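Chemist: My questions all concern the structure below.
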Amino acid sequence: MLDVLAGFIGELRAAGLPVSLTEDIDAMNALRHVPLEDREAFKHTLAATLVKSHAHRRAFDTVFDIWFSPRSLPDGEPIIDPDDDLELAEWLERALAPDDAATREGAVKAAATRAVTRYAGMEDGRPVGGRYYLHRTLRQLDLDGILQRLLAARRQDADHELSDLEERLLADEFRARLEQLRDQVEGEIRRRLVALRGPEALARTTRAPLPEDVDFMHASVEDLAALRRALHPLTRKLAARLGRRRRHQHRGSLHFRQTVRHSLSYGGVPAELKYRHPHPSKPEILVIADISGSVASFSRFTLELVHAMSSHFSKVRSFVFVDGIDEVTRFFEDTDDLSEALRRINTEADVVWADGHSDYGRALEAFWHRWGAEISSKTTVLVLGDARNNYHAAEAWVMAEIAKVARHLYWLNPEPRSYWDTGDSIVDQYGVHCDGAFECRNLKQLARFVDHLS
Amino acid sequence: MSTPARFASGAEVREGLARVGYLADDAIAGVVYLADRLGKPVLVEGPAGVGKTQLAKSVAEMAGARLIRLQCYEGLDESKALYEWNYKKQLLRIQAGRHGAEHAQGAGPAAWGDVEEDIFSEEFLLSRPLLEAIRATDPVVLLVDEVDRVEVETEALLLEVLSDYQVSIPELGTVVATQVPLVFLTSNNSRELSEALKRRCLFLHVDYPEPEREKEIVRTRVPGISAHLTDQVVGIVRLIRQMDLKKLPSVSETLDWAATLMLLGAESVDSDLARETLHVLLKYQSDIAKASKSLAVGGA
């Protein structure tokens, strides 16, 4: 048992989860108190002691399933002829139809097992991952068709015409059940792969980056959703750091009235001096973001970031550019809905001037002429972009001018540092004028930037 | 400072919580049971309104323990969290001593040592929640609410209490707990908590409940509701939770909504009624607009 757990924890660490030695020992201690034959309790115990962030839970679940999956197949399934597609589909429908979750569970599990046997076509030694088999199985199952048939059956059973809302609720319910089926199929495939290849080898191939390590430039839609959830606490912190008024330092002048008031506790001796809190003016944040094609997915993320920041912080002005530049603050102010703001930015913002290839020089110059006078010593400027200038003129003097007046000037670059200043990238020409240029490819690096600000 | 086990198994915790009206799932009950067995605090995280604070209250009720609550906020310091010397009383004591000395000449300055010892004794100590929980002799449950609101520096205050169940007071020495209290920390995840704090805790993520459990909660908390209406309420709430809104409806809002529908005497919900009563469920105008638009369209 100890060996298995050591291997399991080793794999968690390899997947990027920060499991410390104390947590390791805690897990072992905790396991003495739960019955080992109860798989669910065993899982909760390990999760509570080893995983301290919800973002890591998915990675934990995957590794857990690989390590501790039941090796034997569930028995007691009704025998059906696996070659008959129609019958399997019907069988699935019957498994998914009951409203009682408990009766459904076993049937869905058995159905998933059947489906995998029938469609996945798993063979020993084929070097493909679980995802391939999953797609193969689900494609054959025709889940949409099943959904429609389930709905049709309900329509027939109902004693009255179903309203739109009722239809929708039903569809939603069935979709959730199909999702369960999908999970079961995935679990079943994983179980068989473990049996074929052993847990260590399989875990190595299924390792996926944790949300904070996902590269913005290559993030999938699912990743972006996870990123967005993780982003909010970070932007709050960023906004707070950038906008921090240094109140906790005793820099203000003597607060005479309060000092006298407090001296009463010491019998009239002003033992404790009280100060007025300084009230430095509220800083402004100004974000200039590249939204050209070369940083497409980064720019989507960038706008998420700007959006999140503007909801935490009142004074954020945002500008986007390709080779022209336009202010987009108003789009974020008008609506709480990011997709709406994005749509308006894409259709209404005037960011393309000539050919739609990014031209940092021109955009910065235009920015300086139109809005440069509004930058003051209260302003913090963030520039987000890869500084790939398509060999146009750099116009780095703009950055120098901004740096002269602004409180801080930072550059966040979504490219790995080793690519900087290769080809048409000219980060350095701009970077020398900044208070710092940071590689910002994933949440971890963004967090590091935020920490750097304090 | 070992404490006899309060619960025999996760299942027992679950039943006990159900008795006081809190429907826990296996994960929640299991972690509470473990916390008791291992003598470790539980860090409860999750969206607002899923019953994190209620969990601590219900556990206290179930165990027949006193609930001591420390509400965290920005700027919380040790004089509010741990202990404070009651300096006004100390001053009085000193002055009383001076008077006494004047009358009974002779005692004189020799009494200073006594005075000093006296004014830094327990009598002049004001217990704040953390110390209170440590010193309690009756069973207590300590709830540190919204721990993510304090600054990172203040978090350190908690560490000694949470790992060793003791508080060091320079003038008095170390106060060690006579029993290990059950400790719950809740967090809305508005910022990452420090590794040191997380390491000392068991972690429990409470999410919006599964539809089956939510239905059960509605049935328990809104007596007399029909099965049909429950299904619809929970179904619509699930639909709304899938939308991209500022603030998703929490369990308590589901309950409010179900109660509202009951008061209106509704047998079932159609999309018009749903839209008219959405403001119970959602708290932002923009969210309400978005959800009612989506519910009106129908279809997927």
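By order of appearance in the structure tokens: chains A, B, ..., then residues from 1 within every chain, and ligands from 1 in the order shown.
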With a cut-off of 8 Å, could you pull out the residues of chain B touching chain A and give me the nearest pair of atoms for each, distance in Å to one decimal, using only C-alpha atoms, ordered by chain and ascending number, as a tab-separated table?
Modeler:
```
residue	atom	partner	partner_atom	distance
B:Ser9	CA	A:Val34	CA	7.9
B:Asp26	CA	A:Ala41	CA	7.5
B:Ala27	CA	A:His44	CA	5.7
B:Gly30	CA	A:Ala41	CA	6.7
B:Val31	CA	A:Ala48	CA	6.8
B:Leu34	CA	A:Ala30	CA	6.7
B:Arg37	CA	A:His33	CA	7.3
B:Leu38	CA	A:Ala30	CA	6.8
B:Lys88	CA	A:Ser265	CA	7.2
B:Asn189	CA	A:Pro233	CA	7.0
B:Ser190	CA	A:Pro233	CA	4.7
B:Arg191	CA	A:Pro233	CA	4.9
B:Glu192	CA	A:Pro233	CA	7.5
B:Lys198	CA	A:Lys52	CA	6.3
B:Arg199	CA	A:Glu23	CA	6.6
B:Cys201	CA	A:Thr49	CA	7.8
B:Leu202	CA	A:Ala48	CA	5.1
B:Phe203	CA	A:Ala48	CA	4.6
B:Leu204	CA	A:Ala48	CA	6.0
B:His205	CA	A:His54	CA	6.6
B:Glu212	CA	A:Ala101	CA	7.9
B:Gln232	CA	A:Leu169	CA	7.5
B:Gly235	CA	A:Leu169	CA	5.9
B:Ile236	CA	A:Leu169	CA	6.7
B:Leu239	CA	A:Asp172	CA	7.2
B:Lys246	CA	A:Asp336	CA	7.9
B:Asp270	CA	A:Leu165	CA	6.5
B:Ser271	CA	A:Leu165	CA	5.9
B:Ser286	CA	A:Asp336	CA	7.3
B:Leu295	CA	A:Leu165	CA	7.3
B:Gly298	CA	A:Asp164	CA	5.3
B:Gly299	CA	A:Arg168	CA	5.7
B:Ala300	CA	A:Arg168	CA	6.6
```
Chemist: Region 173-277 of chain B: which residues are helix (DSSP H, G or I) by DSSP, as a PyMOL selection string?
Modeler: chain B and resi 195-200+211-221+227-241+251-263+271-276
Chemist: Taking 5 positions as the minimum chain separation for residues in the same chain, which residues sit within 12 Å of Val183 (chain B) when counting only C-alpha atoms? Answer as a PyMOL selection string.
Modeler: chain B and resi 31-32+34-36+38-44+53+55-57+59-60+65-70+129-130+133-134+139-145+158+161-163+165+200-202
Chemist: Report, in Å to a single decimal, how far apart CA of Arg128 (chain B) and CA of Asn86 (chain B) are.
Modeler: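 Those two atoms sit 11.6 Å apart.
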Chemist: Out of B:Ala196, B:Leu23, B:Val147, B:Leu263, which residue has the shortest atom-to-atom distance to Ile225 (chain B) when counting only C-alpha atoms?
Modeler: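 Using only C-alpha atoms, the shortest distance to Ile225 (chain B) belongs to B:Leu263.
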Chemist: In terms of the shortest atom-to-atom distance over only C-alpha atoms, which of A:Val383, A:Leu409, A:Ala6, A:Ala308 is closest to Asp290 (chain A)?
Modeler: A:Val383
Chemist: Fewer than 2 positions away in the same chain doesn't count, so skip those; otherwise give me all residues within 10 Å of Leu245 (chain B), counting only C-alpha atoms, as JSON, numbers by chain.
Modeler: {"A": [336, 337], "B": [240, 241, 242, 243, 247, 248, 249, 282, 284, 286, 287, 288, 290, 291]}
Chemist: Output C-alpha atoms for every residue in that selection, as an mmCIF file, in the first residue's frame.
Modeler:
```
data_model
loop_
_atom_site.group_PDB
_atom_site.id
_atom_site.type_symbol
_atom_site.label_atom_id
_atom_site.label_comp_id
_atom_site.auth_asym_id
_atom_site.auth_seq_id
_atom_site.Cartn_x
_atom_site.Cartn_y
_atom_site.Cartn_z
ATOM 1 C CA ASP A 336 -20.812 43.919 -18.007
ATOM 2 C CA ASP A 337 -20.809 41.316 -20.696
ATOM 3 C CA ILE B 240 -29.244 29.856 -14.940
ATOM 4 C CA ARG B 241 -26.017 28.676 -13.327
ATOM 5 C CA GLN B 242 -24.776 27.683 -16.761
ATOM 6 C CA MET B 243 -25.091 31.258 -17.973
ATOM 7 C CA LYS B 247 -23.285 36.517 -9.602
ATOM 8 C CA LEU B 248 -24.749 33.053 -9.910
ATOM 9 C CA PRO B 249 -27.730 32.139 -7.739
ATOM 10 C CA LEU B 282 -30.432 37.293 -9.179
ATOM 11 C CA TYR B 284 -27.760 42.451 -10.588
ATOM 12 C CA SER B 286 -27.739 43.174 -15.971
ATOM 13 C CA ASP B 287 -27.927 39.536 -14.850
ATOM 14 C CA ILE B 288 -31.699 39.673 -14.616
ATOM 15 C CA LYS B 290 -29.687 38.543 -19.530
ATOM 16 C CA ALA B 291 -31.391 35.605 -17.831
#
```
Chemist: Select, from B:Lys293, B:Arg275, B:Lys283, B:Arg149, the residue with the minimum atom-to-atom distance to Ser187 (chain B), counting only C-alpha atoms.
Modeler: B:Arg149
Chemist: Going by DSSP on the backbone, which residues of region 150-273 of chain B come out as strand (DSSP E)? List them as a list in words.
Modeler: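 Going through region 150-273 of chain B, the strand (DSSP E) residues come out as Gln166, Val167, Ser168, Ile169, Gly173, Thr174, Val175, Val176, Leu182, Val183, Phe184, Leu185, Thr186, Ser187, Leu202, Phe203, Leu204 and His205 of chain B.
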Chemist: Can you tell me how far CA of Gly423 (chain A) sits from CA of Ala400 (chain A), in Å to one decimal?
Modeler: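 Computing it gives 23.0 Å between the two atoms.
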Chemist: For Leu281 (chain B), please output as a VMD selection string all residues within 8 Å (counting only C-alpha atoms; exclusion window: fewer than 2 positions along the same chain).
Modeler: chain B and resid 249 253 to 254 256 to 257 277 to 279 283
Chemist: How would the residues just chosen look if you wrote them out with N, CA and C atoms as a PDB file, in the first residue's frame?
Modeler:
```
ATOM      1  N   PRO B 249     -26.846  32.336  -8.890  1.00  0.00           N
ATOM      2  CA  PRO B 249     -27.730  32.139  -7.739  1.00  0.00           C
ATOM      3  C   PRO B 249     -27.158  31.090  -6.787  1.00  0.00           C
ATOM      4  N   GLU B 253     -30.478  31.543  -2.297  1.00  0.00           N
ATOM      5  CA  GLU B 253     -31.377  32.230  -3.223  1.00  0.00           C
ATOM      6  C   GLU B 253     -32.359  31.257  -3.873  1.00  0.00           C
ATOM      7  N   THR B 254     -31.891  30.031  -4.117  1.00  0.00           N
ATOM      8  CA  THR B 254     -32.815  29.008  -4.611  1.00  0.00           C
ATOM      9  C   THR B 254     -33.955  28.821  -3.615  1.00  0.00           C
ATOM     10  N   ASP B 256     -35.004  30.956  -1.325  1.00  0.00           N
ATOM     11  CA  ASP B 256     -35.868  32.143  -1.324  1.00  0.00           C
ATOM     12  C   ASP B 256     -36.861  32.083  -2.469  1.00  0.00           C
ATOM     13  N   TRP B 257     -36.334  31.674  -3.607  1.00  0.00           N
ATOM     14  CA  TRP B 257     -37.182  31.647  -4.792  1.00  0.00           C
ATOM     15  C   TRP B 257     -38.294  30.613  -4.631  1.00  0.00           C
ATOM     16  N   THR B 277     -40.306  36.687 -11.350  1.00  0.00           N
ATOM     17  CA  THR B 277     -39.750  36.499 -10.001  1.00  0.00           C
ATOM     18  C   THR B 277     -38.231  36.339 -10.002  1.00  0.00           C
ATOM     19  N   LEU B 278     -37.625  36.603 -11.142  1.00  0.00           N
ATOM     20  CA  LEU B 278     -36.171  36.415 -11.236  1.00  0.00           C
ATOM     21  C   LEU B 278     -35.390  37.260 -10.239  1.00  0.00           C
ATOM     22  N   HIS B 279     -35.943  38.412  -9.883  1.00  0.00           N
ATOM     23  CA  HIS B 279     -35.188  39.313  -9.011  1.00  0.00           C
ATOM     24  C   HIS B 279     -34.920  38.708  -7.644  1.00  0.00           C
ATOM     25  N   LYS B 283     -29.180  39.185  -8.376  1.00  0.00           N
ATOM     26  CA  LYS B 283     -29.060  40.434  -7.644  1.00  0.00           C
ATOM     27  C   LYS B 283     -28.556  41.608  -8.484  1.00  0.00           C
TER      28      LYS B 283
END
```
